[in-house]
file start20.txt (compact mmCIF, C-alpha atoms and all ligand atoms)
# COMPACT_ATOMS: atom_id res chain seq x y z
CA MET A 86 21.03 -29.72 6.59
CA ARG A 87 23.83 -27.32 5.67
CA PHE A 88 22.22 -24.37 7.50
CA GLN A 89 20.94 -26.16 10.63
CA HIS A 90 23.26 -23.98 12.75
CA LEU A 91 21.32 -20.89 11.58
CA VAL A 92 18.03 -22.45 12.70
CA ASP A 93 19.64 -23.41 16.05
CA ALA A 94 20.96 -19.85 16.53
CA VAL A 95 17.50 -18.37 15.83
CA LYS A 96 15.88 -20.75 18.33
CA ALA A 97 18.49 -19.88 20.97
CA GLY A 98 18.16 -16.13 20.31
CA GLU A 99 21.84 -16.01 19.33
CA ALA A 100 23.55 -14.16 16.47
CA GLN A 101 23.60 -15.93 13.10
CA PRO A 102 27.07 -15.74 11.48
CA ALA A 103 26.71 -12.96 8.90
CA GLY A 104 28.60 -14.77 6.12
CA ASP A 105 26.53 -17.94 6.55
CA LEU A 106 23.23 -16.03 6.60
CA ALA A 107 24.27 -14.23 3.40
CA GLN A 108 25.14 -17.59 1.77
CA PHE A 109 21.79 -19.00 2.86
CA VAL A 110 19.94 -16.10 1.16
CA GLU A 111 22.05 -16.51 -1.98
CA GLY A 112 21.14 -20.20 -1.99
CA VAL A 113 17.43 -19.37 -1.59
CA ALA A 114 17.61 -17.11 -4.66
CA ASP A 115 19.53 -19.59 -6.87
CA GLY A 116 17.47 -22.59 -5.73
CA SER A 117 20.33 -24.47 -4.05
CA VAL A 118 18.63 -24.20 -0.64
CA SER A 119 15.70 -26.63 -0.54
CA ILE A 120 12.17 -25.43 0.21
CA GLU A 121 12.17 -27.68 3.33
CA ASP A 122 15.34 -26.04 4.69
CA ALA A 123 14.07 -22.54 3.91
CA THR A 124 10.78 -23.43 5.61
CA SER A 125 12.54 -24.64 8.81
CA TRP A 126 14.45 -21.39 9.00
CA LEU A 127 11.35 -19.25 8.30
CA LYS A 128 9.34 -21.10 10.94
CA ALA A 129 12.11 -20.60 13.50
CA VAL A 130 12.27 -16.86 12.75
CA HIS A 131 8.48 -16.59 12.78
CA GLN A 132 8.34 -18.23 16.22
CA HIS A 133 11.44 -16.78 17.92
CA GLY A 134 12.08 -13.49 16.10
CA MET A 135 15.54 -12.36 15.05
CA ARG A 136 18.20 -9.92 16.28
CA THR A 137 18.26 -6.47 14.62
CA GLU A 138 21.83 -7.05 13.34
CA ASP A 139 20.66 -10.24 11.60
CA THR A 140 17.64 -8.45 10.11
CA VAL A 141 20.07 -5.96 8.56
CA VAL A 142 22.24 -8.80 7.15
CA LEU A 143 19.12 -10.54 5.79
CA THR A 144 17.94 -7.30 4.16
CA LYS A 145 21.36 -6.57 2.62
CA SER A 146 21.61 -10.14 1.30
CA MET A 147 18.15 -9.88 -0.26
CA ILE A 148 19.18 -6.64 -2.00
CA ALA A 149 22.38 -8.32 -3.24
CA SER A 150 20.36 -11.19 -4.72
CA GLY A 151 19.12 -8.96 -7.57
CA ALA A 152 19.48 -5.66 -9.42
CA SER A 153 19.62 -2.24 -7.77
CA LEU A 154 18.66 0.97 -9.55
CA SER A 155 21.31 3.64 -9.82
CA TRP A 156 20.73 7.29 -10.43
CA GLY A 157 22.83 10.13 -11.81
CA GLU A 158 22.89 13.66 -10.44
CA GLY A 159 19.45 15.18 -10.16
CA PRO A 160 16.40 15.55 -7.94
CA PRO A 161 16.12 13.39 -4.81
CA VAL A 162 14.92 9.81 -5.31
CA VAL A 163 12.04 9.03 -2.93
CA ASP A 164 9.25 6.54 -2.32
CA LYS A 165 6.67 5.43 0.21
CA HIS A 166 5.38 2.07 1.34
CA SER A 167 2.04 1.34 2.94
CA THR A 168 1.36 -1.81 4.94
CA GLY A 169 -2.07 -2.00 3.26
CA GLY A 170 -5.55 -0.71 3.86
CA VAL A 171 -9.04 -0.32 2.42
CA GLY A 172 -9.44 2.49 -0.12
CA ASP A 173 -5.68 3.10 0.18
CA LYS A 174 -5.09 4.70 -3.21
CA MET A 175 -2.34 7.08 -2.05
CA SER A 176 0.40 5.76 -4.40
CA LEU A 177 -1.61 6.65 -7.52
CA VAL A 178 -1.74 10.28 -6.42
CA LEU A 179 1.50 10.55 -4.45
CA ALA A 180 3.94 9.34 -7.14
CA PRO A 181 2.91 11.94 -9.77
CA ALA A 182 2.42 14.67 -7.14
CA LEU A 183 5.97 14.16 -5.83
CA ALA A 184 7.32 14.13 -9.39
CA ALA A 185 5.54 17.46 -9.98
CA ALA A 186 7.00 18.77 -6.71
CA GLY A 187 10.57 18.08 -7.86
CA CYS A 188 11.41 14.46 -6.87
CA ARG A 189 12.17 11.25 -8.75
CA VAL A 190 9.86 8.37 -7.75
CA PRO A 191 10.69 4.81 -8.90
CA MET A 192 7.85 3.05 -7.12
CA LEU A 193 7.68 -0.74 -6.84
CA ALA A 194 4.25 -1.90 -5.73
CA GLY A 195 2.33 -5.10 -5.09
CA ARG A 196 -0.99 -6.72 -5.83
CA GLY A 197 -3.82 -6.99 -3.30
CA LEU A 198 -3.04 -9.04 -0.22
CA GLY A 199 -5.91 -10.57 1.77
CA HIS A 200 -8.70 -8.04 2.18
CA THR A 201 -6.48 -5.07 1.22
CA GLY A 202 -6.27 -3.66 -2.29
CA GLY A 203 -3.03 -3.48 -4.28
CA THR A 204 -1.74 -0.53 -6.31
CA ILE A 205 -0.93 -2.78 -9.28
CA ASP A 206 -4.47 -4.21 -9.50
CA LYS A 207 -5.82 -0.66 -9.49
CA LEU A 208 -3.50 0.55 -12.27
CA GLU A 209 -4.26 -2.54 -14.35
CA ALA A 210 -7.90 -1.37 -14.44
CA ILE A 211 -6.65 1.32 -16.88
CA PRO A 212 -6.69 -0.01 -20.47
CA GLY A 213 -3.11 -0.50 -21.70
CA PHE A 214 -1.32 0.29 -18.41
CA ASN A 215 1.81 -1.89 -18.22
CA CYS A 216 3.24 -2.44 -14.73
CA ALA A 217 5.80 -5.07 -15.79
CA LEU A 218 8.84 -2.81 -16.13
CA SER A 219 12.44 -4.05 -16.09
CA PRO A 220 14.88 -2.12 -13.85
CA GLU A 221 16.18 -0.36 -17.00
CA ALA A 222 12.63 0.59 -18.07
CA MET A 223 11.95 1.98 -14.57
CA VAL A 224 15.01 4.24 -14.79
CA GLU A 225 14.04 5.33 -18.32
CA ALA A 226 10.46 6.12 -17.22
CA VAL A 227 11.58 8.13 -14.18
CA ASN A 228 14.12 10.06 -16.24
CA ALA A 229 11.38 10.83 -18.78
CA VAL A 230 8.39 11.75 -16.58
CA GLY A 231 9.66 11.82 -12.98
CA CYS A 232 7.84 8.72 -11.72
CA CYS A 233 6.79 5.19 -12.52
CA ILE A 234 4.83 2.47 -10.73
CA ALA A 235 6.00 -1.07 -11.47
CA VAL A 236 5.10 -4.48 -10.13
CA GLN A 237 7.61 -6.26 -7.91
CA ASN A 238 9.51 -8.65 -10.15
CA ASP A 239 12.22 -11.29 -10.16
CA ALA A 240 14.94 -8.85 -11.20
CA ILE A 241 14.80 -6.98 -7.89
CA ALA A 242 15.38 -8.88 -4.60
CA PRO A 243 14.57 -12.32 -6.09
CA ALA A 244 15.41 -13.97 -2.73
CA ASP A 245 12.41 -12.10 -1.29
CA GLY A 246 10.22 -13.45 -4.09
CA VAL A 247 11.12 -17.04 -3.16
CA LEU A 248 10.86 -16.53 0.61
CA TYR A 249 7.59 -14.58 0.28
CA ALA A 250 5.98 -17.38 -1.75
CA ILE A 251 7.01 -19.93 0.90
CA ARG A 252 5.83 -17.63 3.74
CA ASP A 253 2.46 -17.27 2.05
CA VAL A 254 1.77 -21.02 2.24
CA THR A 255 3.51 -21.76 5.57
CA HIS A 256 1.65 -19.10 7.63
CA THR A 257 4.86 -17.21 8.35
CA ILE A 258 3.87 -13.84 6.84
CA ASP A 259 3.23 -12.00 10.10
CA SER A 260 6.74 -11.72 11.45
CA VAL A 261 8.28 -8.30 12.12
CA PRO A 262 11.86 -9.18 10.97
CA LEU A 263 10.61 -11.01 7.86
CA ILE A 264 8.22 -8.20 6.86
CA THR A 265 10.98 -5.66 7.53
CA ALA A 266 13.58 -7.40 5.34
CA SER A 267 11.02 -8.07 2.60
CA ILE A 268 9.80 -4.48 2.33
CA ILE A 269 13.04 -2.63 3.00
CA SER A 270 15.14 -4.78 0.62
CA LYS A 271 12.86 -3.83 -2.30
CA LYS A 272 12.79 -0.15 -1.32
CA ALA A 273 16.59 -0.03 -0.85
CA ALA A 274 17.10 -1.65 -4.26
CA GLU A 275 15.26 1.34 -5.77
CA GLY A 276 18.30 3.47 -4.78
CA LEU A 277 16.29 5.83 -2.55
CA SER A 278 17.53 8.76 -0.55
CA ALA A 279 14.31 9.07 1.48
CA LEU A 280 11.39 6.82 2.35
CA VAL A 281 8.09 7.37 4.13
CA LEU A 282 6.34 4.34 5.61
CA ASP A 283 2.59 4.37 6.16
CA VAL A 284 2.04 1.77 8.87
CA LYS A 285 -1.66 1.16 9.23
CA THR A 286 -3.29 0.10 12.46
CA GLY A 287 -6.88 -0.71 13.41
CA SER A 288 -9.61 -3.22 12.71
CA ALA A 289 -8.98 -3.33 8.94
CA ALA A 290 -5.15 -3.37 9.14
CA PHE A 291 -2.73 -6.28 9.44
CA MET A 292 -1.30 -4.62 12.58
CA GLN A 293 -4.45 -4.36 14.66
CA THR A 294 -2.98 -2.60 17.68
CA VAL A 295 -0.90 0.56 17.91
CA ASP A 296 1.80 -1.39 19.81
CA GLN A 297 2.16 -3.91 16.96
CA ALA A 298 2.26 -1.12 14.38
CA ARG A 299 4.86 0.77 16.44
CA GLU A 300 7.07 -2.33 16.70
CA LEU A 301 6.95 -2.92 12.92
CA ALA A 302 7.50 0.79 12.21
CA ALA A 303 10.54 0.94 14.51
CA SER A 304 12.05 -2.19 12.97
CA MET A 305 11.61 -0.87 9.40
CA VAL A 306 12.93 2.60 10.28
CA ARG A 307 16.02 1.15 12.05
CA THR A 308 16.80 -1.19 9.17
CA ALA A 309 16.26 1.39 6.40
CA GLU A 310 18.31 4.00 8.29
CA GLY A 311 21.03 1.34 8.74
CA LEU A 312 21.14 1.14 4.94
CA GLY A 313 21.54 4.91 4.60
CA ILE A 314 17.94 5.77 3.69
CA ASN A 315 16.45 8.74 5.52
CA THR A 316 13.19 7.18 6.80
CA VAL A 317 10.08 8.21 8.69
CA ALA A 318 7.09 6.03 9.58
CA GLN A 319 3.61 7.47 10.02
CA LEU A 320 1.21 5.32 12.05
CA THR A 321 -2.26 5.92 10.61
CA ALA A 322 -5.75 4.72 11.56
CA MET A 323 -7.31 1.99 9.42
CA ASP A 324 -10.79 1.34 10.79
CA GLN A 325 -12.66 3.45 8.23
CA PRO A 326 -12.09 3.18 4.47
CA ILE A 327 -9.91 5.96 3.06
CA GLY A 328 -11.83 8.50 1.00
CA THR A 329 -15.05 7.89 -0.88
CA HIS A 330 -14.00 5.34 -3.53
CA ILE A 331 -13.16 1.69 -2.74
CA GLY A 332 -12.38 -1.00 -5.35
CA ASN A 333 -9.84 -1.18 -8.16
CA ALA A 334 -11.28 0.93 -11.01
CA LEU A 335 -13.24 3.08 -8.54
CA GLU A 336 -10.04 3.98 -6.70
CA VAL A 337 -8.53 5.16 -9.97
CA VAL A 338 -11.60 7.43 -10.28
CA GLY A 339 -11.16 8.64 -6.67
CA SER A 340 -7.45 9.31 -7.31
CA ILE A 341 -8.16 11.31 -10.46
CA ARG A 342 -10.71 13.44 -8.56
CA VAL A 343 -7.94 14.36 -6.08
CA LEU A 344 -5.45 14.98 -8.92
CA GLN A 345 -8.06 17.25 -10.54
CA GLY A 346 -7.90 19.39 -7.39
CA GLY A 347 -11.11 18.16 -5.74
CA GLY A 348 -11.93 14.71 -4.43
CA SER A 349 -12.12 13.40 -0.92
CA PRO A 350 -10.41 15.65 1.68
CA ASP A 351 -9.44 12.49 3.61
CA THR A 352 -7.48 11.09 0.63
CA ARG A 353 -5.94 14.46 -0.17
CA GLU A 354 -4.80 14.99 3.43
CA LEU A 355 -2.93 11.64 3.54
CA VAL A 356 -1.18 12.41 0.25
CA VAL A 357 -0.17 15.85 1.52
CA LEU A 358 1.04 14.37 4.82
CA GLN A 359 3.19 11.70 3.16
CA GLY A 360 4.49 13.96 0.39
CA ALA A 361 5.34 16.82 2.78
CA ALA A 362 7.37 14.43 4.97
CA LEU A 363 9.49 13.43 1.95
CA LEU A 364 9.93 17.03 0.72
CA CYS A 365 11.25 18.00 4.18
CA MET A 366 13.50 14.93 4.55
CA THR A 367 15.19 15.57 1.21
CA GLY A 368 15.63 19.31 1.75
CA VAL A 369 13.38 20.21 -1.22
CA CYS A 370 11.45 22.29 1.35
CA GLU A 371 12.76 23.76 4.55
CA THR A 372 9.64 23.72 6.69
CA GLU A 373 6.61 21.49 7.00
CA ALA A 374 4.35 24.44 6.15
CA GLU A 375 6.28 25.09 2.92
CA ALA A 376 6.21 21.37 2.03
CA ARG A 377 2.48 21.10 2.66
CA SER A 378 1.74 24.13 0.54
CA LYS A 379 3.94 22.75 -2.29
CA MET A 380 1.95 19.47 -2.21
CA GLU A 381 -1.35 21.39 -2.11
CA ALA A 382 -0.21 23.54 -5.06
CA VAL A 383 0.64 20.62 -7.39
CA LEU A 384 -2.71 19.00 -6.58
CA THR A 385 -4.61 22.23 -7.24
CA ASN A 386 -2.82 23.59 -10.32
CA GLY A 387 -3.02 20.46 -12.49
CA ALA A 388 0.74 19.72 -12.41
CA ALA A 389 0.29 16.38 -10.60
CA LEU A 390 -2.60 15.41 -12.90
CA GLU A 391 -0.41 16.05 -15.95
CA ARG A 392 2.41 13.89 -14.46
CA PHE A 393 -0.13 11.13 -13.87
CA ARG A 394 -1.23 11.34 -17.50
CA ALA A 395 2.39 11.33 -18.72
CA MET A 396 3.14 8.29 -16.50
CA CYS A 397 0.16 6.45 -18.03
CA VAL A 398 1.44 7.13 -21.57
CA GLN A 399 5.02 6.18 -20.62
CA GLN A 400 3.64 2.89 -19.26
CA GLY A 401 1.68 1.95 -22.37
CA VAL A 402 -1.64 3.85 -22.32
CA GLU A 403 -2.65 5.41 -25.67
CA PRO A 404 -2.29 9.23 -25.52
CA ALA A 405 -5.96 9.74 -26.50
CA THR A 406 -7.07 7.32 -23.77
CA SER A 407 -4.88 9.11 -21.20
CA LYS A 408 -6.56 12.44 -22.04
CA ALA A 409 -10.04 10.95 -21.80
CA LEU A 410 -9.06 9.21 -18.54
CA ILE A 411 -8.04 12.37 -16.70
CA ASN A 412 -11.19 14.19 -17.82
CA HIS A 413 -13.86 11.49 -17.63
CA PRO A 414 -12.38 8.46 -15.85
CA GLU A 415 -15.68 6.52 -15.58
CA ARG A 416 -16.11 6.60 -19.37
CA VAL A 417 -12.70 4.98 -19.88
CA LEU A 418 -12.83 2.52 -16.98
CA GLY A 419 -16.48 1.49 -17.28
CA MET A 420 -19.07 0.89 -14.57
CA ALA A 421 -20.34 -2.28 -12.92
CA GLU A 422 -23.63 -3.63 -14.25
CA PHE A 423 -25.36 -3.41 -10.85
CA GLN A 424 -25.32 -0.58 -8.32
CA THR A 425 -27.11 -0.97 -5.00
CA CYS A 426 -27.63 2.15 -2.93
CA ILE A 427 -27.99 1.95 0.86
CA LEU A 428 -30.26 4.66 2.31
CA ALA A 429 -30.26 6.11 5.81
CA GLU A 430 -32.94 4.56 8.02
CA GLU A 431 -33.00 7.52 10.42
CA ASP A 432 -31.86 11.13 10.79
CA GLY A 433 -28.48 11.69 12.43
CA TYR A 434 -24.76 11.78 11.65
CA VAL A 435 -22.66 9.16 9.89
CA GLU A 436 -20.49 7.65 12.60
CA GLY A 437 -18.55 5.24 10.43
CA TYR A 438 -18.31 2.50 7.79
CA ASP A 439 -16.77 -0.82 8.80
CA ALA A 440 -13.79 -1.01 6.43
CA MET A 441 -13.13 -4.70 7.09
CA GLN A 442 -16.73 -5.78 6.36
CA LEU A 443 -16.84 -3.64 3.24
CA ALA A 444 -13.53 -5.02 1.97
CA GLN A 445 -14.59 -8.60 2.64
CA LEU A 446 -17.87 -8.18 0.79
CA ALA A 447 -16.12 -6.53 -2.17
CA ARG A 448 -13.53 -9.35 -2.18
CA GLN A 449 -16.30 -11.98 -2.27
CA HIS A 450 -17.74 -10.18 -5.28
CA GLY A 451 -14.40 -10.26 -7.12
CA ALA A 452 -12.54 -7.11 -6.02
CA GLY A 453 -9.80 -9.25 -4.40
CA ARG A 454 -8.34 -12.74 -4.70
CA PHE A 455 -8.70 -15.85 -2.57
CA ALA A 456 -6.19 -17.88 -4.63
CA LEU A 457 -3.19 -16.70 -6.61
CA GLU A 458 -4.80 -17.58 -9.94
CA ASP A 459 -8.09 -15.72 -9.23
CA VAL A 460 -8.90 -12.98 -11.74
CA ILE A 461 -9.87 -9.58 -10.31
CA ASP A 462 -13.10 -7.88 -11.33
CA PRO A 463 -11.92 -4.25 -11.54
CA LEU A 464 -15.43 -2.76 -11.49
CA VAL A 465 -16.51 -4.14 -8.10
CA GLY A 466 -16.38 -1.79 -5.13
CA ALA A 467 -18.25 1.00 -3.38
CA VAL A 468 -18.70 4.74 -3.44
CA ILE A 469 -19.48 6.52 -0.19
CA ALA A 470 -22.03 9.32 -0.64
CA ALA A 471 -22.12 10.53 2.96
CA PRO A 472 -18.65 10.69 4.54
CA VAL A 473 -18.07 10.21 8.27
CA GLY A 474 -19.44 13.13 10.30
CA GLU A 475 -21.98 14.22 7.68
CA ALA A 476 -25.48 15.15 8.87
CA ILE A 477 -28.07 12.95 7.14
CA LYS A 478 -31.84 12.66 6.92
CA ARG A 479 -33.83 9.44 6.66
CA ASN A 480 -33.65 8.06 3.07
CA ASP A 481 -30.52 10.03 2.16
CA PRO A 482 -28.04 7.88 0.16
CA LEU A 483 -25.13 6.62 2.28
CA LEU A 484 -23.17 4.24 0.10
CA THR A 485 -23.51 2.59 -3.33
CA PHE A 486 -22.14 -0.91 -3.79
CA HIS A 487 -20.96 -1.66 -7.37
CA HIS A 488 -21.23 -5.32 -8.36
CA THR A 489 -21.36 -7.52 -11.44
CA ARG A 490 -23.49 -10.33 -10.05
CA PRO A 491 -26.72 -9.90 -8.09
CA LEU A 492 -26.57 -9.46 -4.32
CA GLU A 493 -27.81 -12.21 -2.03
CA GLU A 494 -30.04 -11.41 0.92
CA ASN A 495 -27.14 -11.79 3.32
CA ASP A 496 -24.99 -9.38 1.27
CA LEU A 497 -27.70 -6.75 1.68
CA ARG A 498 -27.85 -7.36 5.42
CA VAL A 499 -24.06 -6.98 5.64
CA LEU A 500 -24.15 -3.79 3.56
CA LYS A 501 -26.76 -2.22 5.83
CA SER A 502 -25.01 -3.29 9.01
CA MET A 503 -21.63 -1.86 8.04
CA VAL A 504 -22.86 1.73 8.36
CA SER A 505 -23.34 3.26 11.78
CA VAL A 506 -25.40 6.38 12.34
CA SER A 507 -25.44 8.36 15.56
CA PRO A 508 -27.76 11.07 16.88
CA GLU A 509 -24.68 13.11 17.86
CA ALA A 510 -21.98 14.47 15.53
CA PRO A 511 -18.91 12.23 16.05
CA VAL A 512 -15.69 13.78 17.31
CA SER A 513 -13.44 14.04 14.28
CA ASN A 514 -10.68 11.44 14.31
CA ARG A 515 -7.47 12.29 12.51
CA ARG A 516 -5.78 9.55 10.48
CA LEU A 517 -2.28 10.29 11.84
CA ILE A 518 -1.70 8.62 15.20
CA GLU A 519 2.05 8.91 15.68
CA VAL A 520 5.33 9.44 13.85
CA VAL A 521 8.27 7.05 14.33
CA ASP A 522 11.66 8.28 13.11
CA SER A 523 15.30 7.52 13.78
CA THR A 524 15.30 9.55 17.00
CA SER A 525 12.39 7.58 18.45
CA THR A 526 13.98 4.22 17.59
CA LYS A 527 17.30 4.91 19.34
CA ALA A 528 17.68 2.86 22.53
N1 LIG A 601 4.58 -6.76 1.73
C1 LIG A 601 5.80 -7.22 1.36
O1 LIG A 601 6.34 -6.84 0.32
N2 LIG A 601 6.41 -8.10 2.17
C2 LIG A 601 5.87 -8.53 3.33
O2 LIG A 601 6.48 -9.33 4.01
C3 LIG A 601 4.59 -8.04 3.70
C4 LIG A 601 3.97 -7.13 2.87

call {"tool": "encode", "arguments": {"input": "start20.txt", "output": "structure tokens"}}
result
Amino acid sequence: MRFQHLVDAVKAGEAQPAGDLAQFVEGVADGSVSIEDATSWLKAVHQHGMRTEDTVVLTKSMIASGASLSWGEGPPVVDKHSTGGVGDKMSLVLAPALAAAGCRVPMLAGRGLGHTGGTIDKLEAIPGFNCALSPEAMVEAVNAVGCCIAVQNDAIAPADGVLYAIRDVTHTIDSVPLITASIISKKAAEGLSALVLDVKTGSAAFMQTVDQARELAASMVRTAEGLGINTVAQLTAMDQPIGTHIGNALEVVGSIRVLQGGGSPDTRELVVLQGAALLCMTGVCETEAEARSKMEAVLTNGAALERFRAMCVQQGVEPATSKALINHPERVLGMAEFQTCILAEEDGYVEGYDAMQLAQLARQHGAGRFALEDVIDPLVGAVIAAPVGEAIKRNDPLLTFHHTRPLEENDLRVLKSMVSVSPEAPVSNRRLIEVVDSTSTKA
């Protein structure tokens, strides 16, 4: 094997020669490195980790394997990445809100992974919405309306596409250096000046402990900063679903409610938190208070909603449909044939909903995939009627599950068991756990 010395270096914890690592990545992208050789290297990295310097070389080589967006003079170019959660619809609101607040947002996003939903699957619930944009179409869309949301494609960081597909079937996904290079290469290729990372932790996150989340956050911040992108990571709790709407089409509804100026305070707060961080990092606002109030203003005054509508039209939605969508989203998106409401069995306070159980049930009913070729059912999901902390009486509605095939007895049992009710009001838990930035990652 031509690259055996790289595998040996990884196993010994030694530096991989930068030129050879770059050639290896180039070979992965053009197909001259065999799948077996790429797999040996991935398995070695997955097992032994990789030095920070090599993670930076890997990331730069992945960027060089495809196109990078370039931008003329104008507003700052920003984006965010989330490591994935349940009800995590932030991108749908954040991209247009940041565009309305004076930024350019060329967002690349993915499909659902495991139990977590994907931004692209949600947007594809909107009739006509086209996420398959070329790099040129992304630039055109951002120059026209301030933001776009496109699916990751072969034009940008194609080496990541090949390695990711191999990782998926060789159980080498959960590796901090590999996740770092994969995510940061795609974000850097967008030509960003600032990036906010939402690193989720908790029972329904890939990083279940705060320590794991902190390690991934620090690695991504160090690597992105090394590439000249001003970056902050926010560690946020992912035990409870975010907001009231969960599921692909339902999350579009939940996002539009927030863009209309109402919606779930939980969802709105995360959008404001992430957006305000970017407005401060890019100097659009001088203080956090000013940045927060700018985000609140564009959500309240309809400016973000109008950018969302314009983005939909730019990405293929009929203008009449876009107008109907932002006024009456359910009418445009449709509703599942069956809706099963879970009622409170006793008086008390809602203590929580088990996000992992809810996501797994929704996935079994078609909200997510088990195999690459599975087709998503956009209408499956849930709407929470009584958010965490709310006082409830026996027989009050707690949650409605939306489904397109009848529930089995066990599904009902699971649905009932995922809600916990307490006689005492729970102490309110904030989503934000910790911020990791370049100062906290310095040795
Ligand atoms: N998302 C990505 O794009 N890459 C990873 O490695 C993990 C999540």

call {"tool": "closest_atom_pairs", "arguments": {"input": "start20.txt", "of": "chain A", "to": "ligand LIG 601 (chain A)", "cutoff": "7 Å", "atoms": "all atoms listed in the file", "output": "Markdown table"}}
result
| residue | atom | partner | partner_atom | distance |
| --- | --- | --- | --- | --- |
| A:Thr168 | CA | A:LIG601 | C4 | 6.3 |
| A:Gly195 | CA | A:LIG601 | O1 | 7.0 |
| A:Tyr249 | CA | A:LIG601 | O2 | 6.5 |
| A:Ile258 | CA | A:LIG601 | O2 | 5.9 |
| A:Leu263 | CA | A:LIG601 | O2 | 5.9 |
| A:Ile264 | CA | A:LIG601 | O2 | 3.5 |
| A:Thr265 | CA | A:LIG601 | O2 | 6.8 |
| A:Ser267 | CA | A:LIG601 | N2 | 4.6 |
| A:Ile268 | CA | A:LIG601 | O1 | 4.6 |

call {"tool": "closest_atom_pairs", "arguments": {"input": "start20.txt", "of": "range 224-315 of chain A", "to": "range 203-211 of chain A", "cutoff": "10 Å", "atoms": "all atoms listed in the file", "output": "CSV"}}
result
residue,atom,partner,partner_atom,distance
A:Ile234,CA,A:Ile205,CA,7.9
A:Ala235,CA,A:Ile205,CA,7.5
A:Val236,CA,A:Ile205,CA,6.3
A:Gln237,CA,A:Ile205,CA,9.3

call {"tool": "axis_aligned_box", "arguments": {"input": "start20.txt", "around": "range 251-255 of chain A", "padding_each_side": "5 Å", "output": "lines of an AutoDock Vina configuration file"}}
result
center_x = 4.4
center_y = -19.5
center_z = 3.2
size_x = 15.2
size_y = 14.5
size_z = 14.7

call {"tool": "residues_around", "arguments": {"input": "start20.txt", "residues": "Lys174 in chain A", "least_positions_apart": "2", "cutoff": "12 Å", "atoms": "only C-alpha atoms", "output": "PyMOL selection string"}}
result
chain A and resi 166-167+169-172+176-180+194+197+201-208+326-344+349+351-353+355-356

call {"tool": "closest_residue", "arguments": {"input": "start20.txt", "among": "A:Val504, A:Cys216, A:Ala440, A:Ala421", "to": "Leu464 in chain A", "atoms": "only C-alpha atoms"}}
result
A:Ala421

call {"tool": "closest_residue", "arguments": {"input": "start20.txt", "among": "A:Thr286, A:Ser119, A:Gln325, A:Asn215", "to": "Val247 in chain A", "atoms": "only C-alpha atoms"}}
result
A:Ser119

call {"tool": "atom_distance", "arguments": {"input": "start20.txt", "atom1": "CA of Ala429 in chain A", "atom2": "CA of Ala471 in chain A"}}
result
9.7 Å

call {"tool": "residues_around", "arguments": {"input": "start20.txt", "residues": "range 93-96 of chain A", "least_positions_apart": "6", "cutoff": "9 Å", "atoms": "all atoms listed in the file", "output": "compact mmCIF listing (two decimals) with C-alpha atoms, keeping the file's coordinate frame"}}
result
# COMPACT_ATOMS: atom_id res chain seq x y z
CA PRO A 102 27.07 -15.74 11.48
CA TRP A 126 14.45 -21.39 9.00
CA ALA A 129 12.11 -20.60 13.50
CA VAL A 130 12.27 -16.86 12.75
CA GLN A 132 8.34 -18.23 16.22
CA HIS A 133 11.44 -16.78 17.92
CA GLY A 134 12.08 -13.49 16.10
CA MET A 135 15.54 -12.36 15.05
CA ARG A 136 18.20 -9.92 16.28

call {"tool": "atom_distance", "arguments": {"input": "start20.txt", "atom1": "CA of Thr140 in chain A", "atom2": "CA of Pro220 in chain A"}}
result
24.9 Å

call {"tool": "residues_around", "arguments": {"input": "start20.txt", "residues": "Asp253 in chain A", "least_positions_apart": "3", "cutoff": "12 Å", "atoms": "only C-alpha atoms", "output": "ChimeraX atom specification"}}
result
/A:124,127-128,198-199,245-250,256-260,263-264,456-457

call {"tool": "atom_distance", "arguments": {"input": "start20.txt", "atom1": "CA of Pro350 in chain A", "atom2": "CA of Arg299 in chain A"}}
result
25.9 Å

call {"tool": "closest_residue", "arguments": {"input": "start20.txt", "among": "A:Glu494, A:Glu138, A:Asp164, A:Asp283", "to": "Leu364 in chain A", "atoms": "all atoms listed in the file"}}
result
A:Asp164

call {"tool": "closest_residue", "arguments": {"input": "start20.txt", "among": "A:Ala217, A:Val110, A:Leu484, A:Val465", "to": "Leu418 in chain A", "atoms": "only C-alpha atoms"}}
result
A:Val465

call {"tool": "closest_residue", "arguments": {"input": "start20.txt", "among": "A:Lys272, A:Arg490, A:Arg515, A:Arg394", "to": "Leu320 in chain A", "atoms": "all atoms listed in the file"}}
result
A:Arg515

call {"tool": "closest_residue", "arguments": {"input": "start20.txt", "among": "A:Ala303, A:Met396, A:Leu390, A:Ala467", "to": "Ala452 in chain A", "atoms": "all atoms listed in the file"}}
result
A:Ala467
